[in-house]
Each structure stands twice: as C-alpha cells, then as structure tokens.
$ cat protein_14.pdb   # PDB, C-alpha atoms and all ligand atoms
ATOM      1  CA  MET Z  36       0.000   0.000   0.000
ATOM      2  CA  VAL Z  37       1.356   3.397  -0.992
ATOM      3  CA  GLU Z  38      -0.288   6.652   0.009
ATOM      4  CA  MET Z  39       0.777  10.166  -0.931
ATOM      5  CA  LEU Z  40       0.444  12.573   1.999
ATOM      6  CA  ASP Z  41       0.468  16.352   2.174
ATOM      7  CA  PRO Z  42       3.905  17.410   3.534
ATOM      8  CA  ARG Z  43       2.413  20.510   5.146
ATOM      9  CA  ALA Z  44      -0.098  18.400   7.023
ATOM     10  CA  VAL Z  45       2.574  15.968   8.259
ATOM     11  CA  VAL Z  46       5.611  18.178   8.916
ATOM     12  CA  GLY Z  47       4.162  21.677   9.213
ATOM     13  CA  PRO Z  48       2.901  24.563   7.078
ATOM     14  CA  ARG Z  49       6.371  26.002   6.404
ATOM     15  CA  THR Z  50       8.184  22.760   5.631
ATOM     16  CA  ALA Z  51      10.649  22.462   2.743
ATOM     17  CA  THR Z  52       9.756  18.785   2.415
ATOM     18  CA  SER Z  53       8.414  18.256  -1.091
ATOM     19  CA  ALA Z  54       6.877  14.825  -0.628
ATOM     20  CA  VAL Z  55       5.723  12.541   2.152
ATOM     21  CA  ILE Z  56       4.678   9.032   1.195
ATOM     22  CA  ARG Z  57       3.410   6.293   3.478
ATOM     23  CA  VAL Z  58       4.517   2.856   2.273
ATOM     24  CA  ARG Z  59       3.329  -0.429   3.753
ATOM     25  CA  LEU Z  60       5.515  -3.239   2.413
ATOM     26  CA  ARG Z  61       3.895  -6.019   4.437
ATOM     27  CA  SER Z  62       0.529  -5.951   6.145
ATOM     28  CA  ILE Z  63       1.947  -7.197   9.455
ATOM     29  CA  GLU Z  64       4.451  -4.350   9.693
ATOM     30  CA  ALA Z  65       3.973  -0.717  10.589
ATOM     31  CA  PRO Z  66       4.003   1.550   7.529
ATOM     32  CA  HIS Z  67       7.184   3.432   6.608
ATOM     33  CA  LEU Z  68       7.035   7.198   6.272
ATOM     34  CA  ILE Z  69       9.203   8.295   3.337
ATOM     35  CA  PHE Z  70      10.255  11.930   3.062
ATOM     36  CA  HIS Z  71      11.735  13.839   0.143
ATOM     37  CA  ASP Z  72      13.452  17.149   0.806
ATOM     38  CA  ARG Z  73      16.711  18.890  -0.099
ATOM     39  CA  HIS Z  74      18.645  16.042   1.512
ATOM     40  CA  GLY Z  75      17.010  13.541  -0.873
ATOM     41  CA  TRP Z  76      14.805  10.566  -0.135
ATOM     42  CA  TYR Z  77      14.829   8.785   3.211
ATOM     43  CA  CYS Z  78      12.701   6.658   5.495
ATOM     44  CA  ASP Z  79      11.776   8.182   8.825
ATOM     45  CA  ILE Z  80      12.842   5.010  10.647
ATOM     46  CA  HIS Z  81      15.448   3.262   8.472
ATOM     47  CA  GLY Z  82      17.084   6.078   6.480
ATOM     48  CA  ALA Z  83      17.899   6.266   2.781
ATOM     49  CA  ALA Z  84      18.692   2.550   2.410
ATOM     50  CA  CYS Z  85      15.173   1.414   3.347
ATOM     51  CA  ASP Z  86      13.360  -0.742   0.760
ATOM     52  CA  ALA Z  87      10.305   1.477   1.074
ATOM     53  CA  VAL Z  88      12.315   4.427  -0.287
ATOM     54  CA  ALA Z  89      12.610   2.695  -3.662
ATOM     55  CA  VAL Z  90       8.872   2.019  -3.677
ATOM     56  CA  ALA Z  91       8.077   5.634  -2.892
ATOM     57  CA  ARG Z  92      10.409   6.888  -5.626
ATOM     58  CA  ALA Z  93       8.839   4.545  -8.170
ATOM     59  CA  VAL Z  94       5.310   5.812  -7.557
ATOM     60  CA  THR Z  95       6.297   9.471  -7.820
ATOM     61  CA  ARG Z  96       7.974   8.932 -11.184
ATOM     62  CA  ASP Z  97       6.061   9.515 -14.421
ATOM     63  CA  GLY Z  98       5.303   5.966 -15.557
ATOM     64  CA  ALA Z  99       4.755   6.797 -19.236
ATOM     65  CA  ASP Z 100       8.355   6.320 -20.335
ATOM     66  CA  THR Z 101       8.783   2.961 -18.591
ATOM     67  CA  ALA Z 102       5.706   1.561 -20.345
ATOM     68  CA  THR Z 103       7.129   2.095 -23.838
ATOM     69  CA  GLY Z 104      10.463   0.301 -23.413
ATOM     70  CA  ASP Z 105       9.535  -2.955 -25.162
ATOM     71  CA  ALA Z 106      12.103  -2.641 -27.983
ATOM     72  CA  ALA Z 107      14.890  -1.078 -25.949
ATOM     73  CA  ASP Z 108      17.594  -3.211 -24.395
ATOM     74  CA  ASP Z 109      18.040  -3.152 -20.636
ATOM     75  CA  ALA Z 110      21.101  -0.900 -20.669
ATOM     76  CA  THR Z 111      19.317   1.793 -22.648
ATOM     77  CA  ARG Z 112      16.263   1.603 -20.419
ATOM     78  CA  GLU Z 113      18.288   1.889 -17.215
ATOM     79  CA  SER Z 114      20.179   4.869 -18.581
ATOM     80  CA  ALA Z 115      16.929   6.623 -19.490
ATOM     81  CA  ASP Z 116      15.537   5.933 -16.027
ATOM     82  CA  ALA Z 117      18.573   7.429 -14.325
ATOM     83  CA  THR Z 118      18.321  10.566 -16.428
ATOM     84  CA  HIS Z 119      14.644  10.856 -15.695
ATOM     85  CA  GLU Z 120      15.211  10.557 -11.947
ATOM     86  CA  GLN Z 121      17.879  13.225 -12.042
ATOM     87  CA  LEU Z 122      15.548  15.599 -13.887
ATOM     88  CA  ALA Z 123      12.745  14.934 -11.449
ATOM     89  CA  ASP Z 124      15.010  15.664  -8.495
ATOM     90  CA  ASP Z 125      16.152  18.927 -10.059
ATOM     91  CA  VAL Z 126      12.586  20.078 -10.617
ATOM     92  CA  ARG Z 127      11.653  19.426  -7.005
ATOM     93  CA  GLU Z 128      14.668  21.266  -5.654
TER      94      GLU Z 128
HETATM   95 ZN    ZN Q 201      11.710   2.127   6.430
END
$ encode --input "protein_14.pdb" --output "structure tokens" --more "lines below"
Ligand SMILES: [Zn+2]
Amino acid sequence: MVEMLDPRAVVGPRTATSAVIRVRLRSIEAPHLIFHDRHGWYCDIHGAACDAVAVARAVTRDGADTATGDAADDATRESADATHEQLADDVRE
C-alpha cells in the first residue's frame, strides 16, 4: 500500500519537504514514512537505504516512459531511467 500525503499536514505549514509518502511493504508491519526534501529521499525510521524508499520513488515517477520500453535493451532503459530521476530531483529542488 502506498499513500501520498500532504507534507504541510505531516511536517508543518512552512516545511521544505516536497513529498511525504506512506509505504506499507507487508501488512503485518507498521508503515514506513518516506520523506523527500533537499537532503534527498529517506525513510523516517530506516534512512535512505530502506526498501520502502525505492517504492516511494517509483510511484512518484512519471510511468509513461517505462511503459514504452519494449524494444529497448536493458542498458538503454536503465540509462533513461537514471536521467529521468535526475531531472525529477532537479525540478523538485
Ligand atoms: Zn523504512
């Protein structure tokens, strides 16, 4: 389960946090709160290396370009993804 939250509602009205996403990887575990701000992406509990961070980043990415990669080889697709992530980060900051 992935849920986009309003950063101002979670952190405060003057926060610089650009995204707050609640990610539940397994139903028996407490959900992870993933934040994105000028420091990058990180889990409130486990830090940047948390598996839920990757899930949160995937859902905030525009999925259109990943759906059209049928003819591209894996190397080309991964390169395009990395570029796309960099652009997205720049826009948010
Ligand atoms: Zn976590």
$ closest_residue --input "protein_14.pdb" --among "Z:Gly82, Z:Pro42, Z:Pro48, Z:Gly75" --to "ligand ZN 201 (chain Q)" --atoms "only C-alpha atoms and all ligand atoms"
Z:Gly82
$ closest_residue --input "protein_14.pdb" --among "Z:Arg43, Z:His71, Z:Arg59, Z:Arg49" --to "Arg92 in chain Z" --atoms "only C-alpha atoms"
Z:His71
$ closest_atom_pairs --input "protein_14.pdb" --of "chain Z" --to "ligand ZN 201 (chain Q)" --cutoff "12 Å" --atoms "all atoms listed in the file" --output "JSON lines"
{"residue": "Z:Ile56", "atom": "CA", "partner": "Q:ZN201", "partner_atom": "ZN", "distance": 11.2}
{"residue": "Z:Arg57", "atom": "CA", "partner": "Q:ZN201", "partner_atom": "ZN", "distance": 9.7}
{"residue": "Z:Val58", "atom": "CA", "partner": "Q:ZN201", "partner_atom": "ZN", "distance": 8.3}
{"residue": "Z:Arg59", "atom": "CA", "partner": "Q:ZN201", "partner_atom": "ZN", "distance": 9.2}
{"residue": "Z:Leu60", "atom": "CA", "partner": "Q:ZN201", "partner_atom": "ZN", "distance": 9.1}
{"residue": "Z:Arg61", "atom": "CA", "partner": "Q:ZN201", "partner_atom": "ZN", "distance": 11.5}
{"residue": "Z:Glu64", "atom": "CA", "partner": "Q:ZN201", "partner_atom": "ZN", "distance": 10.3}
{"residue": "Z:Ala65", "atom": "CA", "partner": "Q:ZN201", "partner_atom": "ZN", "distance": 9.2}
{"residue": "Z:Pro66", "atom": "CA", "partner": "Q:ZN201", "partner_atom": "ZN", "distance": 7.8}
{"residue": "Z:His67", "atom": "CA", "partner": "Q:ZN201", "partner_atom": "ZN", "distance": 4.7}
{"residue": "Z:Leu68", "atom": "CA", "partner": "Q:ZN201", "partner_atom": "ZN", "distance": 6.9}
{"residue": "Z:Ile69", "atom": "CA", "partner": "Q:ZN201", "partner_atom": "ZN", "distance": 7.3}
{"residue": "Z:Phe70", "atom": "CA", "partner": "Q:ZN201", "partner_atom": "ZN", "distance": 10.5}
{"residue": "Z:Trp76", "atom": "CA", "partner": "Q:ZN201", "partner_atom": "ZN", "distance": 11.1}
{"residue": "Z:Tyr77", "atom": "CA", "partner": "Q:ZN201", "partner_atom": "ZN", "distance": 8.0}
{"residue": "Z:Cys78", "atom": "CA", "partner": "Q:ZN201", "partner_atom": "ZN", "distance": 4.7}
{"residue": "Z:Asp79", "atom": "CA", "partner": "Q:ZN201", "partner_atom": "ZN", "distance": 6.5}
{"residue": "Z:Ile80", "atom": "CA", "partner": "Q:ZN201", "partner_atom": "ZN", "distance": 5.2}
{"residue": "Z:His81", "atom": "CA", "partner": "Q:ZN201", "partner_atom": "ZN", "distance": 4.4}
{"residue": "Z:Gly82", "atom": "CA", "partner": "Q:ZN201", "partner_atom": "ZN", "distance": 6.7}
{"residue": "Z:Ala83", "atom": "CA", "partner": "Q:ZN201", "partner_atom": "ZN", "distance": 8.3}
{"residue": "Z:Ala84", "atom": "CA", "partner": "Q:ZN201", "partner_atom": "ZN", "distance": 8.1}
{"residue": "Z:Cys85", "atom": "CA", "partner": "Q:ZN201", "partner_atom": "ZN", "distance": 4.7}
{"residue": "Z:Asp86", "atom": "CA", "partner": "Q:ZN201", "partner_atom": "ZN", "distance": 6.6}
{"residue": "Z:Ala87", "atom": "CA", "partner": "Q:ZN201", "partner_atom": "ZN", "distance": 5.6}
{"residue": "Z:Val88", "atom": "CA", "partner": "Q:ZN201", "partner_atom": "ZN", "distance": 7.1}
{"residue": "Z:Ala89", "atom": "CA", "partner": "Q:ZN201", "partner_atom": "ZN", "distance": 10.1}
{"residue": "Z:Val90", "atom": "CA", "partner": "Q:ZN201", "partner_atom": "ZN", "distance": 10.5}
{"residue": "Z:Ala91", "atom": "CA", "partner": "Q:ZN201", "partner_atom": "ZN", "distance": 10.6}
$ atom_distance --input "protein_14.pdb" --atom1 "CA of Arg96 in chain Z" --atom2 "CA of Ile63 in chain Z"
26.9 Å
$ atom_distance --input "protein_14.pdb" --atom1 "CA of Val37 in chain Z" --atom2 "CA of Ala54 in chain Z"
12.7 Å
$ atom_distance --input "protein_14.pdb" --atom1 "CA of Leu40 in chain Z" --atom2 "CA of Val55 in chain Z"
5.3 Å
